[in-house]
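Student: The following block contains the structure, expressed as structure tokens.
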Amino acid sequence: MEHTLTIQHRDDDASRIGMWLFIFTELFLFAGLFLVFAVYRVKYYEGFHLAAKELNVTVGTINSIILLLSGMTMGIAYLAIQKAKNKLTLAMLGITILLGIIFLVNKYFEWSVKFEHGLYPGSPELISLSKGDVMFFGLYFFMTGLHALHLIAGLILIVIVFGAVIRGRVHSTKYALLENCSLYWHLVDLVWLFLFPLFYLIN
Amino acid sequence: MMEPIKKKVEGYRLYMITFTVLSILTLIAVWLTHVRFASPLVIGLIMLIAAIQAIIVLFYNMHLKFQDKILTIFVGLIFSLIFLLIIVTMLDFVYR
Amino acid sequence: MSQTSVSYLEYQGKYKGILGWILSTDHKRIGLLYLYTIVSFFLVGATLGLLMKLELIAPGRTIMDAQTYNAFFTLHGITMIFLVVIPGIPAIFGNFFLPIMIGAKDVSFPRLNLLSWWLYVIGAAIAISSQFLGSGPPDTGWTFYAPYSLRVPTNVLSAVLGAFVLGFSSILTGINFITTMHRMKAPGMKWMKMPLFPWSLYATGWIQILATPIIGITLLMIVAERLFKIGFFDPSLGGDPLLYQHLFWIYSHPAVYIMILPAMGVISEIIPTFARKTIFGYSAIVISSFGIAFIGYFVWGHHMFAAGMSARSLWFFSLLTFIVAIPSAIKVFNWVATLYKGSINVQTPLYWALSFIFVFLIGGLSGLFLGSLAVDVHLTDTAFVVGHFHFIVFGGMGYAFMAAIHYWFPKIYGRMYDKSWANTGWLIFFMGFLALYFTMFYLGMKGQPRRTYDYFEEYHSGNIISSLGAIVMLFGLAIIIINLVRSARHGEKAPADPWGGKTLEWTIPSPPPIENFEEIPEITHDPYDYK
Ligand SMILES: [Cu+2]
């Protein structure tokens with residue numbers, strides 16, 4: 001029989017649409033948090049203003065640039081696979097992974113400084129400060145933490161794609177997985193573009 | 001609707017250009033915080049820069065520009081919906 | 001015989017027996033998996049409901065104490081809302097019939113579809129485990145209102161996590177359906193030639209994608225509050241409990257439309273088939289779905305009229321609540337106009353569809369009482385509210401579910417049920433339903449509060465009627481279920497098109513072959529093409 005019983009026809013456009021819909025969901029996940037941020041920023045205008053000065057703008061800026069750079073390498077990987085340049089693709093994916101890890105390491109040091117100063121949710125020092133401070137650092141840890149989780153998920157995805165390129169599962173005529181991975185990575189980028197000014201710059 | 005994308009493999013340069021523009025915008029935003037303007041103006045400018053960056057990422061890095069228009073419309077609606085959501089909630093917190 | 005003409009019920013794939021079901025990526029089998037799990041949970045929820053009504057048959061303690069009652073209404077709410085009503089129609093009938101009705105062989109992402117079901121089962125297990133693990137069953141109500149939910153020692157955490165996982169399952173289903181409709185419509189099927197049930201699933205899918213993440217993040221915030229004492233919603237740390245209510249209802253009001261839109265889609269399929277007439281105002285029905293979806297996104301505040309919102313929010317949400325009633329009313333007019341001068345074929349699905357319109361009308365109009373600010377102050381947190389949302393949710397989604405199962409049963413199992421038993425069951429159920437919930441309007445207006453296991457003597461007679469109604473209703477339900485279960489095995493064989501329906505699912509054999517269509521059909525005419 002010419003009928004195949006498992007429906008196997010490939011539809012890259014479908015998988016791209018599915019990925020975009022998933023990105024919409026993710027955007028709304030963060031939108032809920034931005035909403036909370038907006039509410040408490042209005043409510044504790046002064047407190048947020050002062051608390052934001054505790055954050056290190058230099059580290060934040062460096063991390064922003066790192067993330068933007070990783071966006072570039074990801075984009076190049078996406079183009080390279082279409083031109084069948086698998087070595088370049090792998091190199092670019094590798095650099096992207098590295099940049100992601102550097103971002104996380106920076107984040108780790110940034111967080112641990114806050115912990116040393118007792119500026120973490122539930123700490124007696126933080127509770128002794130104003131309610132604006134409590135709310136600012138609560139949101140800071142929750143939002144950057146959730147963003148970092150997404151970044152880690154993105155890294156895992158890139159590692160999977162890396163393996164798929166090596167094993168030839170992703171190649172110049174079949175690269176939907178890499179494309180979706182790149183979309184996801186840029187989502188992580190996109191969210192950070194708003195997190196950075198809101199926490200570090202507006203004070 | 002949602003026909004296959006217009007296939008157009010752009011050069012690597014596109015990504016280098018967007019990276020440069022995005023970085024410069026970030027640096028401008030950081031620099032703005034040191035300028036002593038009226039603070040609402042600075043906040044407005046910084047958020048405007050973030051919005052421009054988001055549009056660049058969406059259109060070039062995420063290839064919206066090279067896809068079916070309907071997707072762009074969807075993305076536009078999504079962001080408007082988020083915006084409306086925040087406005088409507090604020091109706092309570094600002095005027096309470 | 002060619003492999004493709006084997007029915008999906010008998011097909012032997014890579015896995016045999018039960019594994020052939022729980023690991024199947026066939027959308028029809030997944031639909032049935034959902035059917036069996038959801039109906040099981042419905043029976044659990046219904047039993048809890050019956051026990052609560054028995055407690056309320058007399059004032060004071062009757063069969064359970066206050067804490068047990070609180071735990072019961074919490075579990076009843078979580079089960080019915082998250083496990084039954086939200087996934088109900090899309091996950092069962094959407095999975096089974098969406099691909100068939102648009103002329104496709106499956107959904108766009110069959111494996112993701114199976115994952116959704118597994119996530120559903122896992123989420124359900126986590127939610128149910130809250131009853132047995134840790135420090136006692138949660139007693140917050142299904143709404144998990146802060147700050148109470150942040151501080152009670154009961155096992156709120158796993159209930160919240162379960163709801164989170166269930167939300168994820170719902171989102172994936174929405175993504176799958178929308179993509180399927182964009183990519184897999186049969187050749188010639190333009191958007192405006194798509195049947196109305198898929199259309200309703202399309203609008204629902206968007207709400208699932210755009211509203212569910214809000215509850216996801218809110219539940220995560222509850223988890224973070226309980227674990228790390230962040231203080232988002234805790235007034236002692238500077239948080240605002242009203243913000244929790246905002247976030248919760250930003251999802252949970254649109255969730256009502258996740259429940260009701262597919263129900264309306266089912267009714268829009270059944271009415272033309274049994275009126276043997278083209279649907280009246282096809283495009284009005286399509287557009288009103290999106291009107292409901294969009295406006296329904298901005299009415300959440302009507303759940304908070306008595307909570308202390310700003311005056312501007314009050315009138316904004318009240319106004320929009322009145323406006324959102326309009327597109328629903330448009331649909332009702334369309335259904336009634338379709339029946340007008342039709343050659344009506346009275347069968348069980350039509351009984352359910354007509355009684356749906358009746359109860360949905362009462363539910364909707366009682367909602368307008370609650371939507372008006374002054375009246376709501378009097379009615380908030382009374383039995384009136386309970387009556388209202390059971391008319392909408394149970395009377396809406398529940399009746400449409402019954403209509404759908406009686407409409408598509410011969411297609412799903414290839415056998416016909418006993419029609420006279422089905423009609424008897426419907427009549428008893430309908431009578432019991434009215435006695436049970438209609439009295440709640442009266443009791444609520446008299447001032448009986450909801451969510452209490454006790455009440456004053458003056459409410460006694462009303463509660464007796466209501467509780468007897470519950471018993472009658474469940475008796476009717478038992479007849480319906482026994483009839484269907486018996487018929488699935490022993491009913492007489494059903495033809496391909498027992499009702500004279502015109503949509504694509506009636507053009508293929510009953511039960512459908514594993515690949516639905518031998519050849520993908522070419523669509524040349526409108527979906528409801530009656531002379
Ligand atoms: Cu509502």
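Going through the structure tokens in order, the chains are called A, B, and so on, while each chain numbers its residues from 1 and the ligands are numbered from 1 in the order shown.
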Find the spatial neighbours of Glu492 of chain C, counting only C-alpha atoms, within a cut-off of 12 Å - ignore same-chain residues fewer than 4 positions away - and output them as a list of chain:residue names.
Tutor: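 Once the nearby chain positions are removed, what remains is C:Pro410, C:Tyr413, C:Gly414, C:Arg415, C:Met416, C:Tyr417, C:Asp418, C:Lys419, C:Arg486, C:Ser487, C:Ala488, C:Pro498.
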Student: Compute the set of chain B residues within 9 Å of chain C, using only C-alpha atoms, and express it as a compact mmCIF listing (two decimals) with N, CA, C and O atoms, in the first residue's frame.
Tutor:
```
# COMPACT_ATOMS: atom_id res chain seq x y z
N MET B 1 -3.52 32.34 4.09
CA MET B 1 -2.90 32.98 5.24
C MET B 1 -1.67 32.20 5.68
O MET B 1 -1.65 30.96 5.58
N MET B 2 -0.71 32.90 6.21
CA MET B 2 0.50 32.27 6.69
C MET B 2 1.13 31.39 5.61
O MET B 2 1.39 30.22 5.82
N GLU B 3 1.31 31.95 4.42
CA GLU B 3 1.99 31.23 3.36
C GLU B 3 3.45 31.05 3.75
O GLU B 3 3.94 31.73 4.66
N ILE B 78 -0.60 41.41 20.05
CA ILE B 78 -0.15 40.88 21.34
C ILE B 78 0.39 42.01 22.21
O ILE B 78 0.03 42.15 23.38
N LEU B 84 -2.77 47.33 26.94
CA LEU B 84 -4.12 47.57 27.47
C LEU B 84 -4.31 46.95 28.84
O LEU B 84 -4.91 47.55 29.74
N LEU B 85 -3.78 45.74 28.98
CA LEU B 85 -3.89 45.02 30.25
C LEU B 85 -3.32 45.86 31.39
O LEU B 85 -3.93 46.01 32.45
N VAL B 88 -5.53 49.06 32.02
CA VAL B 88 -6.80 48.80 32.69
C VAL B 88 -6.56 48.48 34.17
O VAL B 88 -7.32 48.92 35.04
N THR B 89 -5.49 47.72 34.47
CA THR B 89 -5.21 47.44 35.87
C THR B 89 -4.83 48.70 36.61
O THR B 89 -5.22 48.92 37.77
N MET B 90 -4.08 49.56 35.93
CA MET B 90 -3.64 50.80 36.56
C MET B 90 -4.82 51.71 36.91
O MET B 90 -4.74 52.52 37.83
N LEU B 91 -5.90 51.56 36.16
CA LEU B 91 -7.12 52.33 36.44
C LEU B 91 -7.51 52.18 37.91
O LEU B 91 -8.06 53.09 38.52
N ASP B 92 -7.24 51.01 38.45
CA ASP B 92 -7.54 50.80 39.86
C ASP B 92 -6.46 51.41 40.74
O ASP B 92 -6.75 52.19 41.64
N PHE B 93 -5.19 51.12 40.45
CA PHE B 93 -4.14 51.47 41.41
C PHE B 93 -3.81 52.96 41.40
O PHE B 93 -3.38 53.51 42.41
N VAL B 94 -4.00 53.61 40.27
CA VAL B 94 -3.67 55.04 40.22
C VAL B 94 -4.76 55.88 40.86
O VAL B 94 -4.49 56.87 41.52
N TYR B 95 -6.02 55.45 40.70
CA TYR B 95 -7.12 56.29 41.17
C TYR B 95 -7.72 55.81 42.48
O TYR B 95 -8.78 56.25 42.86
N ARG B 96 -7.08 54.85 43.14
CA ARG B 96 -7.71 54.32 44.34
C ARG B 96 -7.65 55.31 45.49
O ARG B 96 -6.70 56.05 45.61
```
Student: Dump as a PyMOL selection string the residues of chain B that approach chain A to within 6 Å, counting only C-alpha atoms.
Tutor: chain B and resi 12+15+62+86
Student: Taking only C-alpha atoms and all ligand atoms into account, report as a PyMOL selection string which residues have an atom no farther than 10 Å from an atom of ligand 1.
Tutor: chain C and resi 249-257+296-304+321+367+370-371+389
Student: Could you state the separation of atom CA of Ile30 of chain C and atom CA of Leu261 of chain C in Å, given to one decimal place?
Tutor: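 Atom-to-atom, atom CA of Ile30 of chain C to atom CA of Leu261 of chain C, that is 21.3 Å.
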Student: Could you write out as a PyMOL selection string the residues of chain C within 8 Å of chain A, counting only C-alpha atoms?
Tutor: chain C and resi 2-4+105-106+108+171+175-176+179-180+182-183+209-214+216-218+228-232+237-239+243+247+515
Student: Pick out the closest residue to Arg61 of chain C from this set: C:Pro521, C:Asp454, C:Gly501, C:Ser5. Count only C-alpha atoms.
Tutor: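 So, comparing all the options, the nearest one is C:Asp454.
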Student: At what distance in Å, to one decimal, does atom CA of Phe356 of chain C lie from atom CA of Trp499 of chain C?
Tutor: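 According to the coordinates, atom CA of Trp499 of chain C and atom CA of Phe356 of chain C are separated by 19.4 Å.
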Student: Which is closest to Ser236 of chain C among A:Ser128, A:Asn106, A:Thr89, A:Asn63, if we use only C-alpha atoms?
Tutor: A:Ser128
Student: In Å, rounded to a single decimal, give me how far atom CA of Pro99 of chain C is from atom CA of Trp335 of chain C.
Tutor: 24.5 Å
Student: Rank C:Ile482, C:Gly444, C:Gly49, C:Asn463 by their smallest atom-to-atom distance to Gly425 of chain C, using only C-alpha atoms, and report the top residue only.
Tutor: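 The closest residue to Gly425 of chain C is C:Ile482.
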Student: Which of segment 96-182 of chain A end up as alpha helix (DSSP H) when DSSP is run on this backbone - answer as a VMD selection string?
Tutor: chain A and resid 96 to 116 124 to 128 131 to 166 176 to 182
Student: Between B:Ile56, B:Ala29, B:Ile82, B:Val21, which one has atoms that come closest to Val42 of chain B, using only C-alpha atoms?
Tutor: B:Ala29
